Amino acid sequence: MSGVSIKFESSEIVPLFPTLVWRLRVDPETARTMNEAVVSKADALMGHLRDDSPAKFMQSHQKLHQDPDMQVLASVVQAAADEVLSFLALGRHPIEITGLWVNIGRPGAIHKPHRHPNNFFSGTYYARLPEGAAGIQFMEPRSQMGLVMPQPERLNKHNSGKITLPVRDGDLMLWMSWFEHAVPPNPSSEDRYSASFNLMFSDFTERHTAPIIQRVVDSL
Ligand SMILES: [Fe+2]
């Protein structure tokens, strides 16, 4: 068939099982309140460790959703999770925050690839991002994709093993807890402040652990 020129009448891409990340933003006034709460809580809990922390990436204890100073952020995280659950048609299943903590990324800090086991949703709220330090990386979740992958002519989200997503102050990013992610280096001379969280179904053992049949969608 060489020499025959084929022209397709149409070409369609059907994404199946896409991996989603949600970005939610609240009004600037509420965001300001949360930004201040995150920065002052992080400084209060970890500021004294700033100069002798060899890790450069510092995390607080994980029960800040019970801290009175963090209730606005906790409410926003809960509302975000509820909204995303509704999108997934899972809105009738109550979900709750199981952990919420603040992070300080010192100049040069990275946070290596990891996942958040034993939870359904995880995410991060960005309170203060220095210049050049505004990104989160996600790793290709289909490990088989790396087995046969010639070098592409140009990288895009369909042929990369790692994607850096830009974020800005006030962004609340939410994803499934199994999705591996990392924080790229903070190249600035200032600290990066954020808060991270996990959520899980409130009645997981009571309602969701019985064997189920495969969930099948017959048409798109
Ligand atoms: Fe994380």
# chains A, B, ... in the order shown; residues from 1 in each chain; ligands from 1
>>> residues_around(residues="A:Ile95", least_positions_apart="3", cutoff="8 Å", atoms="only C-alpha atoms", output="number ranges by chain")
A: 81-82, 199-202
>>> select_by_dssp(residues="stretch 9-44 of chain A", states="helix (DSSP H, G or I)", output="PyMOL selection string")
chain A and resi 28-44
>>> closest_residue(among="A:Ala127, A:Met173, A:Val216, A:Met70", to="ligand 1", atoms="only C-alpha atoms and all ligand atoms")
A:Met173
>>> residues_near_ligand(ligand="ligand 1", cutoff="10 Å", atoms="only C-alpha atoms and all ligand atoms", output="JSON list (two decimals) with C-alpha atoms, in the first residue's frame")
[["chain", "number", "residue", "atom", "x", "y", "z"],
["A", 111, "HIS", "CA", 9.55, 16.31, 48.99],
["A", 112, "LYS", "CA", 10.21, 13.01, 47.26],
["A", 113, "PRO", "CA", 7.53, 10.94, 45.47],
["A", 114, "HIS", "CA", 4.99, 9.39, 47.81],
["A", 115, "ARG", "CA", 1.35, 8.40, 48.20],
["A", 116, "HIS", "CA", -1.06, 8.70, 51.13],
["A", 122, "SER", "CA", -5.54, 13.76, 49.60],
["A", 123, "GLY", "CA", -4.54, 17.26, 48.70],
["A", 124, "THR", "CA", -2.69, 20.45, 49.44],
["A", 136, "ILE", "CA", 3.45, 19.97, 42.29],
["A", 177, "SER", "CA", -4.76, 9.28, 47.65],
["A", 179, "PHE", "CA", -1.82, 9.08, 43.03],
["A", 180, "GLU", "CA", 1.94, 9.37, 43.50],
["A", 181, "HIS", "CA", 3.18, 12.94, 43.77],
["A", 182, "ALA", "CA", 6.20, 15.00, 44.80],
["A", 183, "VAL", "CA", 7.19, 18.58, 45.50],
["A", 195, "ALA", "CA", -1.15, 22.67, 54.27],
["A", 196, "SER", "CA", -1.84, 19.07, 53.29],
["A", 197, "PHE", "CA", -4.70, 16.77, 54.20],
["A", 198, "ASN", "CA", -6.27, 13.33, 53.87]]
>>> closest_residue(among="A:Val102, A:Ser143, A:Glu131, A:Val76", to="A:Asp27", atoms="only C-alpha atoms")
A:Val76
>>> closest_residue(among="A:Gly105, A:Pro187, A:Pro130, A:Pro152", to="A:Gln59", atoms="only C-alpha atoms")
A:Gly105
>>> atom_distance(atom1="atom CA of A:Val38", atom2="atom CA of A:Glu190")
15.7 Å
>>> residues_around(residues="A:Gln137", least_positions_apart="2", cutoff="7 Å", atoms="only C-alpha atoms", output="list in words")
Gly135, Met139, Lys162, Ile163, Thr164, Leu165, His181, Ala182, Val183 and Pro184 of chain A
>>> residues_around(residues="A:Gly91", least_positions_apart="2", cutoff="12 Å", atoms="only C-alpha atoms", output="ChimeraX atom specification")
/A:79-89,93-95,201
>>> residues_around(residues="stretch 42-52 of chain A", least_positions_apart="6", cutoff="8 Å", atoms="only C-alpha atoms", output="list in words")
Met58, Gln59, Ser60, Val102, Asn103, Ile104, Arg106 and Tyr193 of chain A
>>> select_by_dssp(residues="stretch 38-187 of chain A", states="strand (DSSP E or B)", output="short mmCIF file (atom, residue, chain, number, x, y, z; two decimals) with N, CA and C atoms, in the first residue's frame")
data_model
loop_
_atom_site.label_atom_id
_atom_site.label_comp_id
_atom_site.auth_asym_id
_atom_site.auth_seq_id
_atom_site.Cartn_x
_atom_site.Cartn_y
_atom_site.Cartn_z
N PHE A 57 12.50 20.23 54.48
CA PHE A 57 11.05 20.15 54.26
C PHE A 57 10.44 19.73 55.59
N MET A 58 9.71 20.64 56.21
CA MET A 58 9.23 20.40 57.57
C MET A 58 7.71 20.22 57.56
N GLN A 59 7.26 19.23 58.33
CA GLN A 59 5.83 18.96 58.44
C GLN A 59 5.43 18.95 59.91
N LYS A 63 -2.93 16.56 63.23
CA LYS A 63 -4.29 16.68 63.80
C LYS A 63 -4.78 18.13 63.77
N ILE A 95 -17.77 11.62 54.06
CA ILE A 95 -16.31 11.52 54.10
C ILE A 95 -15.82 12.55 55.11
N GLU A 96 -14.69 12.29 55.74
CA GLU A 96 -14.19 13.22 56.75
C GLU A 96 -12.67 13.34 56.70
N ILE A 97 -12.19 14.45 57.22
CA ILE A 97 -10.74 14.68 57.28
C ILE A 97 -10.14 13.75 58.33
N THR A 98 -9.11 13.01 57.93
CA THR A 98 -8.42 12.13 58.88
C THR A 98 -7.07 12.70 59.30
N GLY A 99 -6.59 13.68 58.55
CA GLY A 99 -5.33 14.31 58.89
C GLY A 99 -5.20 15.64 58.17
N LEU A 100 -4.66 16.63 58.87
CA LEU A 100 -4.40 17.93 58.24
C LEU A 100 -3.15 18.49 58.92
N TRP A 101 -2.18 18.88 58.13
CA TRP A 101 -0.92 19.36 58.68
C TRP A 101 -0.37 20.49 57.82
N VAL A 102 0.55 21.25 58.39
CA VAL A 102 1.16 22.36 57.65
C VAL A 102 2.61 22.00 57.30
N ASN A 103 3.07 22.58 56.20
CA ASN A 103 4.41 22.31 55.68
C ASN A 103 5.18 23.62 55.50
N ILE A 104 6.47 23.56 55.80
CA ILE A 104 7.36 24.65 55.40
C ILE A 104 8.44 24.03 54.51
N GLY A 105 8.53 24.54 53.29
CA GLY A 105 9.60 24.11 52.39
C GLY A 105 10.68 25.17 52.39
N HIS A 111 10.26 17.38 48.30
CA HIS A 111 9.55 16.31 48.99
C HIS A 111 9.43 15.18 47.99
N LYS A 112 10.07 14.06 48.27
CA LYS A 112 10.21 13.01 47.26
C LYS A 112 8.87 12.30 46.98
N PRO A 113 8.81 11.56 45.86
CA PRO A 113 7.53 10.94 45.47
C PRO A 113 6.95 10.04 46.56
N HIS A 114 5.67 10.18 46.77
CA HIS A 114 4.99 9.39 47.81
C HIS A 114 3.50 9.35 47.52
N PHE A 121 -9.20 10.57 49.49
CA PHE A 121 -8.71 11.81 48.88
C PHE A 121 -7.51 12.34 49.66
N SER A 122 -6.60 12.98 48.96
CA SER A 122 -5.54 13.76 49.60
C SER A 122 -5.41 15.06 48.83
N GLY A 123 -4.70 16.00 49.41
CA GLY A 123 -4.54 17.26 48.70
C GLY A 123 -3.68 18.23 49.46
N THR A 124 -3.50 19.39 48.84
CA THR A 124 -2.69 20.45 49.44
C THR A 124 -3.33 21.81 49.16
N TYR A 125 -3.27 22.65 50.18
CA TYR A 125 -3.69 24.05 50.01
C TYR A 125 -2.42 24.91 50.04
N TYR A 126 -2.30 25.81 49.07
CA TYR A 126 -1.09 26.62 48.94
C TYR A 126 -1.31 28.00 49.53
N ALA A 127 -0.55 28.30 50.58
CA ALA A 127 -0.76 29.54 51.32
C ALA A 127 0.23 30.64 50.93
N ARG A 128 1.48 30.25 50.71
CA ARG A 128 2.48 31.27 50.33
C ARG A 128 3.56 30.60 49.48
N GLY A 135 4.74 24.67 42.18
CA GLY A 135 4.38 23.51 41.38
C GLY A 135 4.26 22.26 42.22
N ILE A 136 3.51 21.31 41.69
CA ILE A 136 3.45 19.97 42.29
C ILE A 136 3.61 18.97 41.15
N GLN A 137 4.33 17.89 41.42
CA GLN A 137 4.58 16.90 40.37
C GLN A 137 3.73 15.65 40.61
N PHE A 138 3.18 15.13 39.53
CA PHE A 138 2.45 13.86 39.59
C PHE A 138 3.15 12.84 38.71
N MET A 139 3.18 11.60 39.20
CA MET A 139 3.87 10.52 38.50
C MET A 139 2.87 9.67 37.71
N LYS A 162 6.28 12.07 34.27
CA LYS A 162 6.11 12.98 35.41
C LYS A 162 5.60 14.31 34.86
N ILE A 163 4.59 14.86 35.51
CA ILE A 163 4.03 16.13 35.05
C ILE A 163 4.04 17.12 36.20
N THR A 164 4.59 18.30 35.95
CA THR A 164 4.56 19.35 36.96
C THR A 164 3.38 20.27 36.68
N LEU A 165 2.54 20.40 37.68
CA LEU A 165 1.35 21.22 37.55
C LEU A 165 1.61 22.55 38.26
N PRO A 166 1.46 23.68 37.57
CA PRO A 166 1.66 24.96 38.26
C PRO A 166 0.54 25.22 39.26
N LEU A 172 -6.47 25.14 46.05
CA LEU A 172 -6.64 23.91 46.81
C LEU A 172 -6.68 22.78 45.79
N MET A 173 -5.67 21.91 45.84
CA MET A 173 -5.57 20.82 44.89
C MET A 173 -5.98 19.53 45.59
N LEU A 174 -6.78 18.73 44.90
CA LEU A 174 -7.32 17.51 45.50
C LEU A 174 -7.14 16.37 44.50
N TRP A 175 -6.76 15.19 44.97
CA TRP A 175 -6.58 14.04 44.09
C TRP A 175 -6.85 12.77 44.88
N MET A 176 -6.89 11.65 44.16
CA MET A 176 -7.08 10.37 44.82
C MET A 176 -5.79 10.02 45.57
N HIS A 181 2.86 11.54 44.04
CA HIS A 181 3.18 12.94 43.77
C HIS A 181 4.45 13.34 44.53
N ALA A 182 4.97 14.50 44.18
CA ALA A 182 6.20 15.00 44.80
C ALA A 182 6.20 16.51 44.73
N VAL A 183 7.05 17.12 45.55
CA VAL A 183 7.19 18.58 45.50
C VAL A 183 8.56 18.89 44.91
#
>>> closest_residue(among="A:Arg192, A:Asn156, A:Ala37, A:Phe8", to="A:Leu64", atoms="only C-alpha atoms")
A:Ala37
